[in-house]
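K.L.:
I'm passing along data.txt; it holds compact mmCIF, C-alpha atoms.
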```txt
# COMPACT_ATOMS: atom_id res chain seq x y z
CA MET S 1 -1.14 -18.02 -0.07
CA ALA S 2 0.49 -15.62 -2.53
CA ILE S 3 -1.04 -12.20 -3.09
CA LYS S 4 -2.02 -11.78 -6.74
CA VAL S 5 -3.30 -9.09 -9.09
CA GLY S 6 -6.71 -7.84 -7.96
CA ASP S 7 -6.14 -8.66 -4.28
CA THR S 8 -6.13 -6.03 -1.58
CA ALA S 9 -2.55 -5.65 -0.40
CA PRO S 10 -2.16 -6.64 3.26
CA ASP S 11 -1.38 -3.73 5.53
CA PHE S 12 1.77 -3.79 7.63
CA ASN S 13 3.65 -1.65 10.12
CA LEU S 14 7.43 -1.98 9.92
CA PRO S 15 10.45 0.04 11.07
CA ALA S 16 12.32 2.03 8.41
CA GLN S 17 16.05 2.68 8.26
CA ASN S 18 15.47 6.14 9.78
CA GLY S 19 13.67 4.71 12.82
CA SER S 20 10.15 5.72 11.78
CA GLN S 21 7.29 3.23 11.47
CA VAL S 22 5.78 2.82 8.00
CA SER S 23 2.34 1.39 7.25
CA LEU S 24 0.89 0.67 3.84
CA ARG S 25 -2.31 2.44 4.91
CA ASP S 26 -0.29 5.69 5.11
CA PHE S 27 -0.35 5.76 1.28
CA ARG S 28 -4.02 4.86 0.73
CA GLY S 29 -5.88 7.46 -1.26
CA LYS S 30 -2.63 9.37 -1.86
CA GLN S 31 -0.30 7.45 -4.13
CA ALA S 32 0.66 4.10 -5.55
CA VAL S 33 3.36 2.01 -3.88
CA VAL S 34 6.02 -0.13 -5.52
CA LEU S 35 6.81 -2.64 -2.80
CA TYR S 36 9.83 -4.78 -3.51
CA PHE S 37 11.01 -7.68 -1.40
CA TYR S 38 14.67 -8.55 -1.77
CA PRO S 39 16.91 -11.14 -0.07
CA LYS S 40 19.74 -9.20 1.60
CA ASP S 41 21.43 -5.81 1.83
CA ASP S 42 24.72 -5.35 0.01
CA THR S 43 24.69 -8.58 -1.97
CA PRO S 44 25.46 -8.21 -5.70
CA GLY S 45 21.94 -8.86 -7.05
CA CYS S 46 20.18 -6.84 -4.37
CA THR S 47 22.58 -3.94 -4.84
CA MET S 48 21.99 -4.01 -8.62
CA GLU S 49 18.21 -4.09 -8.13
CA SER S 50 18.16 -1.34 -5.48
CA CYS S 51 20.46 0.90 -7.54
CA ALA S 52 18.19 0.39 -10.57
CA PHE S 53 15.26 1.59 -8.45
CA ARG S 54 17.43 4.51 -7.27
CA ASP S 55 18.33 5.47 -10.83
CA GLN S 56 14.65 5.58 -11.84
CA TYR S 57 13.30 6.93 -8.55
CA GLU S 58 12.32 10.32 -9.98
CA VAL S 59 10.47 8.56 -12.81
CA PHE S 60 8.55 6.51 -10.23
CA LYS S 61 7.73 9.68 -8.28
CA ALA S 62 6.58 11.40 -11.46
CA ALA S 63 4.33 8.40 -12.15
CA GLY S 64 2.72 8.94 -8.74
CA ALA S 65 4.39 6.07 -6.86
CA GLU S 66 6.56 5.65 -3.80
CA VAL S 67 9.23 2.93 -3.83
CA ILE S 68 9.69 0.83 -0.68
CA GLY S 69 12.20 -1.98 -0.26
CA VAL S 70 11.71 -4.78 2.29
CA SER S 71 14.10 -7.41 3.61
CA GLY S 72 14.77 -9.21 6.86
CA ASP S 73 17.89 -7.13 7.52
CA SER S 74 18.13 -4.83 10.55
CA GLN S 75 17.47 -1.08 10.52
CA GLU S 76 21.21 -0.53 11.00
CA SER S 77 22.03 -2.70 8.00
CA HIS S 78 19.45 -0.76 5.95
CA GLN S 79 20.96 2.56 7.09
CA GLN S 80 24.41 1.49 5.93
CA PHE S 81 23.11 0.02 2.65
CA ALA S 82 21.06 3.15 1.84
CA ALA S 83 23.95 5.50 2.70
CA LYS S 84 26.54 3.50 0.77
CA HIS S 85 24.43 3.47 -2.42
CA ASN S 86 22.59 6.82 -2.02
CA LEU S 87 19.18 5.16 -1.96
CA PRO S 88 16.52 7.91 -1.75
CA PHE S 89 13.64 5.63 -0.78
CA THR S 90 12.55 3.78 2.34
CA LEU S 91 13.91 0.38 3.34
CA LEU S 92 11.86 -1.58 5.86
CA SER S 93 13.12 -4.18 8.30
CA ASP S 94 10.92 -7.29 8.24
CA LYS S 95 12.49 -9.31 11.08
CA GLY S 96 11.30 -12.91 10.89
CA ASP S 97 9.94 -12.28 7.38
CA GLN S 98 6.39 -11.87 8.70
CA VAL S 99 5.27 -9.41 6.00
CA ARG S 100 7.07 -11.44 3.31
CA LYS S 101 5.04 -14.47 4.42
CA GLN S 102 1.84 -12.39 4.54
CA TYR S 103 2.39 -11.49 0.88
CA GLY S 104 3.41 -15.02 -0.06
CA ALA S 105 6.64 -13.72 -1.58
CA THR S 106 8.47 -16.78 -2.79
CA THR S 107 11.69 -18.32 -1.62
CA ALA S 108 14.38 -19.57 -3.95
CA PHE S 109 15.59 -23.11 -3.41
CA GLY S 110 13.22 -23.29 -0.45
CA PHE S 111 15.36 -21.18 1.87
CA ILE S 112 16.64 -17.97 0.20
CA PRO S 113 14.16 -15.09 0.52
CA GLY S 114 12.83 -14.37 -2.95
CA ARG S 115 12.82 -11.23 -5.06
CA VAL S 116 9.23 -10.12 -5.71
CA THR S 117 7.88 -6.66 -6.60
CA TYR S 118 4.26 -5.53 -6.20
CA VAL S 119 2.61 -2.49 -7.76
CA ILE S 120 -0.15 -1.39 -5.38
CA ASP S 121 -2.49 1.35 -6.54
CA GLN S 122 -3.64 4.21 -4.32
CA ASN S 123 -6.72 2.20 -3.37
CA GLY S 124 -4.55 -0.60 -1.98
CA ILE S 125 -5.23 -3.04 -4.83
CA VAL S 126 -2.38 -5.08 -6.30
CA GLN S 127 -2.08 -4.19 -9.99
CA TYR S 128 1.05 -6.14 -10.88
CA VAL S 129 3.38 -8.79 -9.45
CA PHE S 130 6.88 -9.40 -10.81
CA ASP S 131 8.65 -12.47 -9.43
CA SER S 132 12.18 -13.11 -10.66
CA MET S 133 15.29 -13.99 -8.70
CA LEU S 134 17.73 -13.12 -11.49
CA ASN S 135 16.13 -10.42 -13.66
CA PHE S 136 17.17 -7.59 -11.32
CA LYS S 137 16.52 -4.71 -13.69
CA GLY S 138 13.29 -6.30 -14.92
CA HIS S 139 11.72 -5.46 -11.56
CA VAL S 140 12.22 -1.78 -12.32
CA GLU S 141 11.42 -1.87 -16.05
CA GLU S 142 8.23 -3.93 -15.71
CA THR S 143 6.84 -2.01 -12.75
CA LEU S 144 7.45 1.30 -14.53
CA LYS S 145 5.56 0.00 -17.59
CA THR S 146 2.66 -0.99 -15.34
CA LEU S 147 2.56 2.41 -13.61
CA GLN S 148 2.60 4.19 -16.95
CA GLN S 149 -0.27 1.99 -18.21
CA LEU S 150 -2.26 2.75 -15.06
CA ALA S 151 -1.67 6.47 -15.51
CA ALA S 152 -2.91 6.26 -19.09
CA LYS S 153 -6.26 4.79 -18.02
```
As structure tokens, how would this structure be written, given the file I've shared?
P.N.:
Amino acid sequence: MAIKVGDTAPDFNLPAQNGSQVSLRDFRGKQAVVLYFYPKDDTPGCTMESCAFRDQYEVFKAAGAEVIGVSGDSQESHQQFAAKHNLPFTLLSDKGDQVRKQYGATTAFGFIPGRVTYVIDQNGIVQYVFDSMLNFKGHVEETLKTLQQLAAK
């Protein structure tokens, strides 16, 4: 079942590219999280999306949010991808796509891991879901709009 706006975001504990373990609960009460699921490191669309998040990273931080990318790739693959493209945020390795399934993040054509972004507020509540395989930059633009609207409330 897909996680939707108003739901409590499921907690997880996954390894990051730097070897640390990251849990969603680490951010509760502190800051919002922009959690984006993407298909694969170093593919054209995923590189474009991740670099768009990189280019706006300081804007996300200023809006009170941490950006976290998630795919089924290994920690080593994430290390190389982050280094190659100077990604300043955390990439998590979701082997077996367990967290992806927990969130109900879609698949394209029934077998390609989908591209879905969640805005989770500091209380752990999903405030926005953007699901688009091809609108790479839309994931960044739409989530920023949502964060700015939340900040204005």
K.L.:
Report, in Å with one decimal, the straight-line distance from atom CA of Gln75 of chain S to atom CA of Lys101 of chain S.
P.N.:
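Between these atoms lies a distance of 19.3 Å.
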K.L.:
Select, from S:Ser23, S:Gln98, S:Gln17, S:Gln127, the residue with the minimum atom-to-atom distance to Glu76 of chain S, counting all atoms listed in the file.
P.N.:
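Of S:Ser23, S:Gln98, S:Gln17, S:Gln127, the one nearest Glu76 of chain S is S:Gln17, counting all atoms listed in the file.
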K.L.:
List as a tab-separated table (two decimals) with C-alpha atoms, keeping the file's coordinate frame: which residues have an atom within 12 Å of (11.9, -11.2, 9.8), counting all atoms listed in the file?
P.N.:
```tsv
chain	number	residue	atom	x	y	z
S	14	LEU	CA	7.43	-1.98	9.92
S	15	PRO	CA	10.45	0.04	11.07
S	37	PHE	CA	11.01	-7.68	-1.40
S	39	PRO	CA	16.91	-11.14	-0.07
S	40	LYS	CA	19.74	-9.20	1.60
S	70	VAL	CA	11.71	-4.78	2.29
S	71	SER	CA	14.10	-7.41	3.61
S	72	GLY	CA	14.77	-9.21	6.86
S	73	ASP	CA	17.89	-7.13	7.52
S	74	SER	CA	18.13	-4.83	10.55
S	75	GLN	CA	17.47	-1.08	10.52
S	92	LEU	CA	11.86	-1.58	5.86
S	93	SER	CA	13.12	-4.18	8.30
S	94	ASP	CA	10.92	-7.29	8.24
S	95	LYS	CA	12.49	-9.31	11.08
S	96	GLY	CA	11.30	-12.91	10.89
S	97	ASP	CA	9.94	-12.28	7.38
S	98	GLN	CA	6.39	-11.87	8.70
S	99	VAL	CA	5.27	-9.41	6.00
S	100	ARG	CA	7.07	-11.44	3.31
S	101	LYS	CA	5.04	-14.47	4.42
S	102	GLN	CA	1.84	-12.39	4.54
S	113	PRO	CA	14.16	-15.09	0.52
```
K.L.:
At a cut-off of 12 Å, using all atoms listed in the file, what residues contact Asp55 of chain S? Leave out same-chain residues fewer than 2 positions from it and give the result as a list of chain:residue names.
P.N.:
S:Thr47, S:Met48, S:Glu49, S:Ser50, S:Cys51, S:Ala52, S:Phe53, S:Tyr57, S:Glu58, S:Val59, S:Phe60, S:Lys61, S:Val67, S:His85, S:Asn86, S:Leu87, S:Pro88, S:Phe89, S:Lys137, S:Val140, S:Glu141
K.L.:
For the contact check between segment 36-104 of chain S and segment 145-150 of chain S, emit one row per residue of segment 36-104 of chain S within 9 Å, containing the shortest atom pair and the distance in Å rounded to one decimal, counting only C-alpha atoms, chain then rising number order, as CSV.
P.N.:
```
residue,atom,partner,partner_atom,distance
S:Phe60,CA,S:Leu147,CA,8.0
S:Ala63,CA,S:Leu147,CA,6.4
S:Gly64,CA,S:Leu147,CA,8.1
S:Ala65,CA,S:Leu147,CA,7.9
```
K.L.:
So that I can see what lies close to Ile68 of chain S, please list as number ranges by chain the residues with an atom at most 6 Å from it, counting only C-alpha atoms and leaving out residues fewer than 4 positions away in the same chain.
P.N.:
S: 35, 90-91
K.L.:
Could you please determine the separation between atom CA of Pro10 of chain S and atom CA of Val33 of chain S in Å, to one decimal place?
P.N.:
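We find that atom CA of Pro10 of chain S and atom CA of Val33 of chain S lie 12.5 Å from each other.
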K.L.:
Rounded to one decimal place, report the atom CA of Phe130 of chain S-atom CA of Thr117 of chain S distance in Å.
P.N.:
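Interatomic distance here is 5.1 Å.
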K.L.:
Restricting the calculation to all atoms listed in the file: of S:Cys46, S:Phe81, S:Gly114, S:Arg25, which residue gets closest to Asp131 of chain S?
P.N.:
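Going through S:Cys46, S:Phe81, S:Gly114, S:Arg25 one by one, the smallest distance to Asp131 of chain S is for S:Gly114.
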K.L.:
Do a neighbour search on Ile125 of chain S at 12 Å with all atoms listed in the file, toss out local chain neighbours closer than 4 positions, and write the hits as a count of residues only.
P.N.:
23
K.L.:
Using all atoms listed in the file for the distances, tell me which of S:Ile112, S:Val22, S:Ala82, S:Val126 is nearest to Ala2 of chain S.
P.N.:
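Smallest separation from Ala2 of chain S among the options: S:Val126.
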